[in-house]
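Listing of final32.txt; format and content: compact mmCIF, C-alpha atoms.
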# COMPACT_ATOMS: atom_id res chain seq x y z
CA MET A 1 70.29 142.65 100.77
CA THR A 2 71.78 143.13 97.32
CA THR A 3 75.48 143.97 97.09
CA LEU A 4 76.45 146.34 94.28
CA ILE A 5 79.92 145.90 92.82
CA VAL A 6 81.18 149.02 91.02
CA ILE A 7 83.81 148.89 88.28
CA ASP A 8 85.12 152.22 87.03
CA GLN A 9 88.31 151.22 85.26
CA ALA A 10 88.69 149.87 81.74
CA PRO A 11 89.40 146.14 81.41
CA TYR A 12 92.89 144.68 80.87
CA GLY A 13 94.93 147.50 82.44
CA SER A 14 94.97 145.82 85.84
CA TRP A 15 93.54 142.78 87.56
CA THR A 16 91.24 144.67 89.92
CA GLY A 17 88.19 144.42 87.67
CA ARG A 18 88.60 140.68 87.22
CA GLU A 19 88.95 140.25 90.95
CA ALA A 20 85.84 142.36 91.47
CA LEU A 21 84.04 140.04 89.07
CA ASP A 22 85.23 137.10 91.18
CA MET A 23 83.57 138.79 94.16
CA VAL A 24 80.32 138.97 92.22
CA PHE A 25 80.41 135.31 91.30
CA SER A 26 81.32 134.40 94.86
CA LEU A 27 78.26 136.20 96.18
CA ALA A 28 76.14 134.40 93.62
CA ALA A 29 77.68 131.05 94.56
CA PHE A 30 76.54 131.62 98.15
CA ASP A 31 73.07 132.64 97.00
CA GLN A 32 73.63 136.26 97.94
CA PRO A 33 72.01 138.81 95.63
CA ALA A 34 74.49 140.83 93.60
CA ALA A 35 74.40 143.57 90.99
CA MET A 36 77.08 145.37 89.01
CA LEU A 37 77.55 148.99 87.99
CA PHE A 38 79.97 150.03 85.26
CA MET A 39 80.85 153.70 85.21
CA GLY A 40 83.49 155.93 83.66
CA ALA A 41 86.00 153.98 81.59
CA GLY A 42 84.61 150.83 83.21
CA VAL A 43 81.78 150.76 80.68
CA ASN A 44 84.28 149.37 78.18
CA TRP A 45 83.86 146.05 79.96
CA LEU A 46 80.47 145.88 78.26
CA ARG A 47 81.76 146.15 74.69
CA LYS A 48 80.91 143.30 72.34
CA SER A 49 83.50 141.39 70.33
CA GLN A 50 86.47 142.04 72.56
CA ASP A 51 89.69 140.30 71.59
CA ALA A 52 92.45 140.48 74.18
CA GLY A 53 94.62 137.81 72.57
CA GLY A 54 96.99 140.40 71.20
CA ILE A 55 98.02 141.42 74.72
CA GLY A 56 98.15 137.88 76.05
CA GLN A 57 94.95 138.04 78.07
CA ARG A 58 91.67 136.24 77.87
CA THR A 59 88.69 138.39 77.03
CA VAL A 60 86.49 139.41 79.93
CA GLU A 61 83.42 139.37 77.72
CA LYS A 62 82.65 135.69 78.25
CA ASN A 63 82.97 136.00 82.02
CA LEU A 64 80.66 138.95 82.06
CA ALA A 65 78.13 137.38 79.70
CA ALA A 66 77.82 134.54 82.22
CA ALA A 67 76.86 136.88 85.06
CA PRO A 68 73.08 136.66 84.59
CA VAL A 69 73.35 132.88 84.39
CA PHE A 70 75.04 132.85 87.79
CA GLY A 71 72.29 134.94 89.31
CA VAL A 72 73.60 138.49 89.02
CA GLU A 73 70.39 140.47 89.21
CA GLN A 74 71.27 143.65 87.39
CA ILE A 75 74.02 145.03 85.19
CA LEU A 76 73.92 148.81 85.20
CA ALA A 77 75.92 151.20 83.05
CA GLU A 78 76.43 154.93 83.30
CA GLN A 79 74.63 156.43 80.31
CA SER A 80 76.91 159.43 79.84
CA ALA A 81 80.00 157.21 79.95
CA CYS A 82 78.53 154.94 77.28
CA GLU A 83 77.99 158.00 75.10
CA ARG A 84 81.51 159.28 75.77
CA PHE A 85 83.04 155.94 74.80
CA ARG A 86 80.69 155.52 71.84
CA LEU A 87 79.12 152.41 73.26
CA GLY A 88 75.78 152.32 71.52
CA GLU A 89 73.12 149.68 72.03
CA GLU A 90 74.47 147.59 69.17
CA ASP A 91 77.96 147.72 70.70
CA ARG A 92 76.92 146.63 74.21
CA LEU A 93 76.35 143.23 75.71
CA ASN A 94 72.70 142.33 76.06
CA GLY A 95 70.77 142.93 79.24
CA VAL A 96 72.50 146.13 80.35
CA GLU A 97 70.37 148.82 81.99
CA LEU A 98 71.50 152.38 81.32
CA ILE A 99 71.30 154.76 84.26
CA PRO A 100 71.24 158.54 83.85
CA SER A 101 72.55 159.22 87.37
CA VAL A 102 75.23 157.27 89.23
CA ARG A 103 74.21 158.94 92.46
CA ASP A 104 70.61 157.77 92.12
CA ALA A 105 71.80 154.26 91.29
CA LEU A 106 74.08 154.13 94.34
CA ASP A 107 71.21 155.28 96.53
CA ARG A 108 69.29 152.14 95.55
CA PHE A 109 71.81 149.90 97.32
CA GLU A 110 72.87 149.63 100.95
CA ARG A 111 76.00 147.54 100.33
CA ILE A 112 78.35 148.94 97.73
CA VAL A 113 81.82 147.67 96.90
CA PHE A 114 84.13 149.61 94.62
CA ALA A 115 86.63 147.50 92.70
CA GLY A 116 89.95 148.05 94.39
CA MET B 1 79.13 151.34 127.57
CA SER B 2 77.45 150.08 124.40
CA PRO B 3 78.47 146.63 123.15
CA GLY B 4 79.93 148.15 119.98
CA LEU B 5 79.72 146.98 116.39
CA SER B 6 81.37 144.11 114.57
CA TYR B 7 83.58 144.85 111.59
CA THR B 8 85.15 143.06 108.66
CA LEU B 9 88.11 144.95 107.20
CA VAL B 10 89.06 144.29 103.58
CA ILE B 11 92.52 145.42 102.45
CA THR B 12 93.18 145.47 98.71
CA GLY B 13 96.23 147.73 98.62
CA ALA B 14 99.74 146.37 99.11
CA PRO B 15 102.26 147.79 101.57
CA TRP B 16 104.80 150.19 100.05
CA SER B 17 102.82 150.62 96.85
CA SER B 18 99.87 152.04 98.78
CA GLN B 19 98.86 153.55 102.11
CA ALA B 20 96.01 151.06 102.53
CA PRO B 21 97.58 148.71 105.12
CA GLN B 22 98.74 151.58 107.33
CA THR B 23 95.38 153.35 107.19
CA ALA B 24 93.60 150.08 107.91
CA LEU B 25 95.85 149.37 110.91
CA ALA B 26 95.24 152.80 112.42
CA PHE B 27 91.50 152.30 111.89
CA ALA B 28 91.62 148.82 113.44
CA GLN B 29 93.49 150.07 116.51
CA GLU B 30 90.89 152.80 117.00
CA LEU B 31 88.05 150.30 116.62
CA ILE B 32 89.41 148.14 119.41
CA ALA B 33 90.12 151.16 121.59
CA ALA B 34 86.51 152.28 121.12
CA GLY B 35 85.12 148.91 122.19
CA HIS B 36 84.19 147.54 118.77
CA ARG B 37 85.00 144.06 117.47
CA ILE B 38 86.82 142.96 114.34
CA ASP B 39 85.44 139.67 113.02
CA ARG B 40 88.19 139.26 110.46
CA VAL B 41 90.69 141.06 108.27
CA PHE B 42 90.42 139.90 104.66
CA LEU B 43 93.30 140.49 102.26
CA TYR B 44 92.28 140.65 98.62
CA GLY B 45 94.03 141.50 95.37
CA GLU B 46 97.30 143.31 95.96
CA GLY B 47 96.51 143.35 99.67
CA VAL B 48 97.74 139.76 100.03
CA HIS B 49 101.33 141.04 99.93
CA LEU B 50 100.76 142.11 103.52
CA ALA B 51 100.81 138.41 104.44
CA SER B 52 104.24 137.69 103.02
CA ALA B 53 106.60 136.39 105.70
CA LEU B 54 109.53 137.51 103.56
CA SER B 55 108.91 141.27 103.63
CA THR B 56 112.03 142.72 105.21
CA PRO B 57 112.04 146.51 105.31
CA PRO B 58 115.18 148.37 106.45
CA SER B 59 115.47 148.42 110.23
CA ASP B 60 114.93 152.18 110.42
CA GLU B 61 111.60 152.00 108.57
CA PRO B 62 108.18 150.93 109.88
CA ASP B 63 107.53 147.22 109.42
CA TRP B 64 103.89 147.30 108.32
CA PRO B 65 103.48 143.55 107.76
CA GLY B 66 105.07 142.87 111.15
CA GLN B 67 102.90 145.43 112.90
CA TRP B 68 99.76 144.00 111.32
CA ALA B 69 100.69 140.45 112.30
CA ASP B 70 101.33 141.57 115.87
CA PHE B 71 97.97 143.34 115.98
CA LEU B 72 96.14 140.24 114.74
CA ALA B 73 97.90 138.00 117.25
CA ASP B 74 97.46 140.39 120.18
CA ASN B 75 93.73 140.76 119.53
CA GLN B 76 93.12 137.18 118.39
CA THR B 77 91.68 138.56 115.18
CA PRO B 78 91.52 136.17 112.22
CA GLY B 79 93.57 137.35 109.23
CA VAL B 80 92.62 135.73 105.94
CA ALA B 81 94.33 136.03 102.56
CA CYS B 82 92.15 135.19 99.55
CA ILE B 83 93.51 132.00 98.07
CA ALA B 84 93.15 133.00 94.40
CA SER B 85 94.73 136.41 94.96
CA ALA B 86 97.50 134.89 97.08
CA LEU B 87 98.49 132.08 94.73
CA ARG B 88 98.66 134.46 91.76
CA ARG B 89 101.04 136.67 93.68
CA GLY B 90 103.22 134.02 95.23
CA ILE B 91 101.83 133.98 98.78
CA VAL B 92 101.68 130.30 99.71
CA ASP B 93 101.08 128.28 102.86
CA GLN B 94 102.30 124.75 103.57
CA GLY B 95 99.18 123.14 102.19
CA GLU B 96 99.35 124.98 98.86
CA GLN B 97 103.10 124.38 98.68
CA ALA B 98 102.42 120.66 98.83
CA ARG B 99 99.44 120.80 96.47
CA TYR B 100 101.34 122.64 93.74
CA GLU B 101 104.72 121.04 94.54
CA LEU B 102 106.34 124.44 95.10
CA SER B 103 109.83 124.94 96.49
CA ALA B 104 108.83 127.05 99.48
CA ASN B 105 106.03 128.64 101.46
CA ASN B 106 105.89 132.16 102.83
CA LEU B 107 102.58 132.85 104.55
CA ARG B 108 103.18 134.99 107.61
CA GLN B 109 101.68 133.91 110.93
CA PRO B 110 98.90 134.23 112.01
CA TYR B 111 97.31 134.58 108.55
CA GLN B 112 95.36 131.81 106.93
CA ILE B 113 94.57 131.24 103.27
CA ALA B 114 90.90 130.76 102.39
CA GLY B 115 88.35 131.49 99.71
CA LEU B 116 86.10 134.43 99.00
CA GLY B 117 83.46 132.70 101.10
CA GLU B 118 85.16 134.30 104.10
CA TRP B 119 84.44 137.71 102.59
CA VAL B 120 80.85 136.71 101.83
CA GLU B 121 80.45 135.63 105.45
CA GLY B 122 81.76 138.99 106.55
CA ASN B 123 79.11 140.63 104.40
CA LEU B 124 76.45 138.55 106.09
CA LYS B 125 77.55 138.64 109.71
CA SER B 126 79.49 141.82 110.37
CA ASP B 127 77.68 145.06 111.11
CA ARG B 128 80.13 146.94 108.89
CA VAL B 129 82.47 145.94 106.05
CA ILE B 130 85.13 148.57 105.39
CA TYR B 131 87.44 148.59 102.36
CA PHE B 132 90.99 149.92 102.17
CA HIS B 133 92.01 150.23 98.53
CA GLY B 134 95.32 150.98 96.95
CA SER B 135 93.76 153.26 94.38
CA HIS B 136 90.74 155.62 94.30
Produce C-alpha cells that represent the structure in this file.
Amino acid sequence: MTTLIVIDQAPYGSWTGREALDMVFSLAAFDQPAAMLFMGAGVNWLRKSQDAGGIGQRTVEKNLAAAPVFGVEQILAEQSACERFRLGEEDRLNGVELIPSVRDALDRFERIVFAG
Amino acid sequence: MSPGLSYTLVITGAPWSSQAPQTALAFAQELIAAGHRIDRVFLYGEGVHLASALSTPPSDEPDWPGQWADFLADNQTPGVACIASALRRGIVDQGEQARYELSANNLRQPYQIAGLGEWVEGNLKSDRVIYFHGSH
C-alpha cells in the first residue's frame, strides 16, 4: 500500500518539509512504496536551481532529485499552484506529474501523511 | 465486545506552542476507554519536546509532558522519540550523551529514542495511524 506524503508549505521557512522528506526516504529504505504530493506554496520545492546558501541552509533540490533513485514512485504537483507560482515545465525538476485536482489525487491513496 | 483496533499515534506539535499533545492525550485516553490498543506513540519533529525531562511548568498549570509520561507508564504503551528530530532539538538519552560526548541527558521516562523505522512499523502493523500536528 503506497503512502502519500503531502507537502504544502514552501521550503526553508521551517523544518517540517525536510522531516517529511525523511519520512519518504525512510519508507523507501524499508521497501515500502511511497509517493509525494506538492500543493499550494509547497510546489516551490520543485523549482530548479535553488540556492539556499544566502540563508545558511542547504538546498532541498538535491535531496528531492534523489527521491526517484531511492524508490519514490511518484512526485505529484498541483497544477494550479504551479501556475500561480509561475513554475513552468522548464522551471520544474524532471519527472513531476501535474495533477488538475488535489481531491482526485488524494482519493488514489489510502495512506496519506500531511507534513506536520 | 469487539477486540478493538490497534493504533499508532504520531505527535509532531510541541507542548505550549501547540495543542497537539493535549489533543492526542485526550484521544489516547478515549481509545483505551473504548477497548482499543495503542501500539506506540511516536514523537516526530517539534513533538519530541514532549519527551524532555526538564519541562517544568508552573505548579498551577497542567503538566502535559508529565501527564503523557504517566499515561504511557500506566498503560505500558511504548513512547518513542525520533532520534534525528530529538538530537536536533536537544533531547538526548544516556546512549546519545555518551556517543556525542554531551554534558547531560534529558530524555523523560518511559520514552525511548529510535529511528523512523518505528514509524514505518506502525504504518505496517497498526490498523490506524493518527497524526497530531502543531500546524494545519
What separates atom CA of Val129 of chain B and atom CA of Tyr7 of chain B is a distance of 5.8 Å
When the cut-off is 7 Å and we count only C-alpha atoms, which residues of chain B are near chain A, given as JSON, numbers by chain? {"B": [12, 45, 116, 117, 120, 133, 134, 135]}
Atom pair atom CA of Arg84 of chain A + atom CA of Arg103 of chain A, distance 18.2 Å
Hey, what's within 12 Å of segment 87-101 of chain B if we count all atoms listed in the file and toss same-chain stuff fewer than 6 positions away? As a list in words, please?
Trp15 and Glu19 of chain A; Ala14, Leu43, Tyr44, Gly45, Glu46, Gly47, Val48, His49, Leu50, Ala51, Ser52, Ala53, Leu54, Ser55, Val80, Ala81, Leu107, Arg108, Gln109, Pro110, Tyr111, Gln112, Ile113, Ala114 and Gly115 of chain B
Practice prompt. Identify, on the basis of all atoms listed in the file, every residue whose closest approach to segment 35-48 of chain A does not exceed 8 Å; exclude the query and any residue fewer than 2 positions from it along the same chain; express the result as a PyMOL selection string.
Written response: chain A and resi 2-11+24+33+50+60-61+64+72-78+81-82+85+87+91-93+102
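For the atom pair formed by atom CA of Phe42 of chain B and atom CA of Gly79 of chain B, the distance is 6.1 Å, given to one decimal.
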Counting all atoms listed in the file, the residue of B:Lys125, B:Ser85, B:Gly4, B:Trp64 that sits nearest Ala33 of chain B
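Checking each candidate against Ala33 of chain B, we get B:Gly4 as the closest.
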Final N, CA and C atoms of segment 71-94 of chain B as a PDB file, in the coordinates of the input:
ATOM      1  N   PHE B  71      99.319 142.896 115.606  1.00  0.00           N
ATOM      2  CA  PHE B  71      97.970 143.340 115.980  1.00  0.00           C
ATOM      3  C   PHE B  71      96.985 142.169 115.943  1.00  0.00           C
ATOM      4  N   LEU B  72      97.059 141.381 114.868  1.00  0.00           N
ATOM      5  CA  LEU B  72      96.140 140.240 114.740  1.00  0.00           C
ATOM      6  C   LEU B  72      96.337 139.251 115.880  1.00  0.00           C
ATOM      7  N   ALA B  73      97.607 138.967 116.191  1.00  0.00           N
ATOM      8  CA  ALA B  73      97.900 138.000 117.250  1.00  0.00           C
ATOM      9  C   ALA B  73      97.461 138.546 118.610  1.00  0.00           C
ATOM     10  N   ASP B  74      97.773 139.806 118.871  1.00  0.00           N
ATOM     11  CA  ASP B  74      97.460 140.390 120.180  1.00  0.00           C
ATOM     12  C   ASP B  74      95.958 140.422 120.428  1.00  0.00           C
ATOM     13  N   ASN B  75      95.185 140.621 119.367  1.00  0.00           N
ATOM     14  CA  ASN B  75      93.730 140.760 119.530  1.00  0.00           C
ATOM     15  C   ASN B  75      92.981 139.501 119.123  1.00  0.00           C
ATOM     16  N   GLN B  76      93.726 138.447 118.821  1.00  0.00           N
ATOM     17  CA  GLN B  76      93.120 137.180 118.390  1.00  0.00           C
ATOM     18  C   GLN B  76      92.123 137.415 117.273  1.00  0.00           C
ATOM     19  N   THR B  77      92.517 138.250 116.333  1.00  0.00           N
ATOM     20  CA  THR B  77      91.680 138.560 115.180  1.00  0.00           C
ATOM     21  C   THR B  77      92.089 137.696 113.998  1.00  0.00           C
ATOM     22  N   PRO B  78      91.142 136.982 113.389  1.00  0.00           N
ATOM     23  CA  PRO B  78      91.520 136.170 112.220  1.00  0.00           C
ATOM     24  C   PRO B  78      91.974 137.054 111.046  1.00  0.00           C
ATOM     25  N   GLY B  79      93.085 136.689 110.441  1.00  0.00           N
ATOM     26  CA  GLY B  79      93.570 137.350 109.230  1.00  0.00           C
ATOM     27  C   GLY B  79      93.534 136.339 108.099  1.00  0.00           C
ATOM     28  N   VAL B  80      92.834 136.679 107.028  1.00  0.00           N
ATOM     29  CA  VAL B  80      92.620 135.730 105.940  1.00  0.00           C
ATOM     30  C   VAL B  80      93.098 136.336 104.633  1.00  0.00           C
ATOM     31  N   ALA B  81      93.926 135.610 103.904  1.00  0.00           N
ATOM     32  CA  ALA B  81      94.330 136.030 102.560  1.00  0.00           C
ATOM     33  C   ALA B  81      93.536 135.213 101.550  1.00  0.00           C
ATOM     34  N   CYS B  82      92.926 135.887 100.590  1.00  0.00           N
ATOM     35  CA  CYS B  82      92.150 135.190  99.550  1.00  0.00           C
ATOM     36  C   CYS B  82      93.069 134.238  98.788  1.00  0.00           C
ATOM     37  N   ILE B  83      92.626 133.017  98.650  1.00  0.00           N
ATOM     38  CA  ILE B  83      93.510 132.000  98.070  1.00  0.00           C
ATOM     39  C   ILE B  83      93.843 132.300  96.608  1.00  0.00           C
ATOM     40  N   ALA B  84      92.871 132.740  95.827  1.00  0.00           N
ATOM     41  CA  ALA B  84      93.150 133.000  94.400  1.00  0.00           C
ATOM     42  C   ALA B  84      94.105 134.180  94.255  1.00  0.00           C
ATOM     43  N   SER B  85      93.842 135.250  95.008  1.00  0.00           N
ATOM     44  CA  SER B  85      94.730 136.410  94.960  1.00  0.00           C
ATOM     45  C   SER B  85      96.134 136.030  95.422  1.00  0.00           C
ATOM     46  N   ALA B  86      96.208 135.232  96.478  1.00  0.00           N
ATOM     47  CA  ALA B  86      97.500 134.890  97.080  1.00  0.00           C
ATOM     48  C   ALA B  86      98.331 134.011  96.150  1.00  0.00           C
ATOM     49  N   LEU B  87      97.711 132.999  95.586  1.00  0.00           N
ATOM     50  CA  LEU B  87      98.490 132.080  94.730  1.00  0.00           C
ATOM     51  C   LEU B  87      99.006 132.803  93.491  1.00  0.00           C
ATOM     52  N   ARG B  88      98.184 133.685  92.918  1.00  0.00           N
ATOM     53  CA  ARG B  88      98.660 134.460  91.760  1.00  0.00           C
ATOM     54  C   ARG B  88      99.918 135.247  92.088  1.00  0.00           C
ATOM     55  N   ARG B  89      99.973 135.742  93.318  1.00  0.00           N
ATOM     56  CA  ARG B  89     101.040 136.670  93.680  1.00  0.00           C
ATOM     57  C   ARG B  89     102.144 136.018  94.502  1.00  0.00           C
ATOM     58  N   GLY B  90     102.115 134.707  94.572  1.00  0.00           N
ATOM     59  CA  GLY B  90     103.220 134.020  95.230  1.00  0.00           C
ATOM     60  C   GLY B  90     103.183 134.047  96.741  1.00  0.00           C
ATOM     61  N   ILE B  91     101.983 134.106  97.325  1.00  0.00           N
ATOM     62  CA  ILE B  91     101.830 133.980  98.780  1.00  0.00           C
ATOM     63  C   ILE B  91     101.239 132.591  99.017  1.00  0.00           C
ATOM     64  N   VAL B  92     101.998 131.727  99.687  1.00  0.00           N
ATOM     65  CA  VAL B  92     101.680 130.300  99.710  1.00  0.00           C
ATOM     66  C   VAL B  92     101.845 129.755 101.120  1.00  0.00           C
ATOM     67  N   ASP B  93     100.887 128.950 101.570  1.00  0.00           N
ATOM     68  CA  ASP B  93     101.080 128.280 102.860  1.00  0.00           C
ATOM     69  C   ASP B  93     101.561 126.844 102.619  1.00  0.00           C
ATOM     70  N   GLN B  94     101.745 126.106 103.704  1.00  0.00           N
ATOM     71  CA  GLN B  94     102.300 124.750 103.570  1.00  0.00           C
ATOM     72  C   GLN B  94     101.413 123.860 102.720  1.00  0.00           C
TER      73      GLN B  94
END
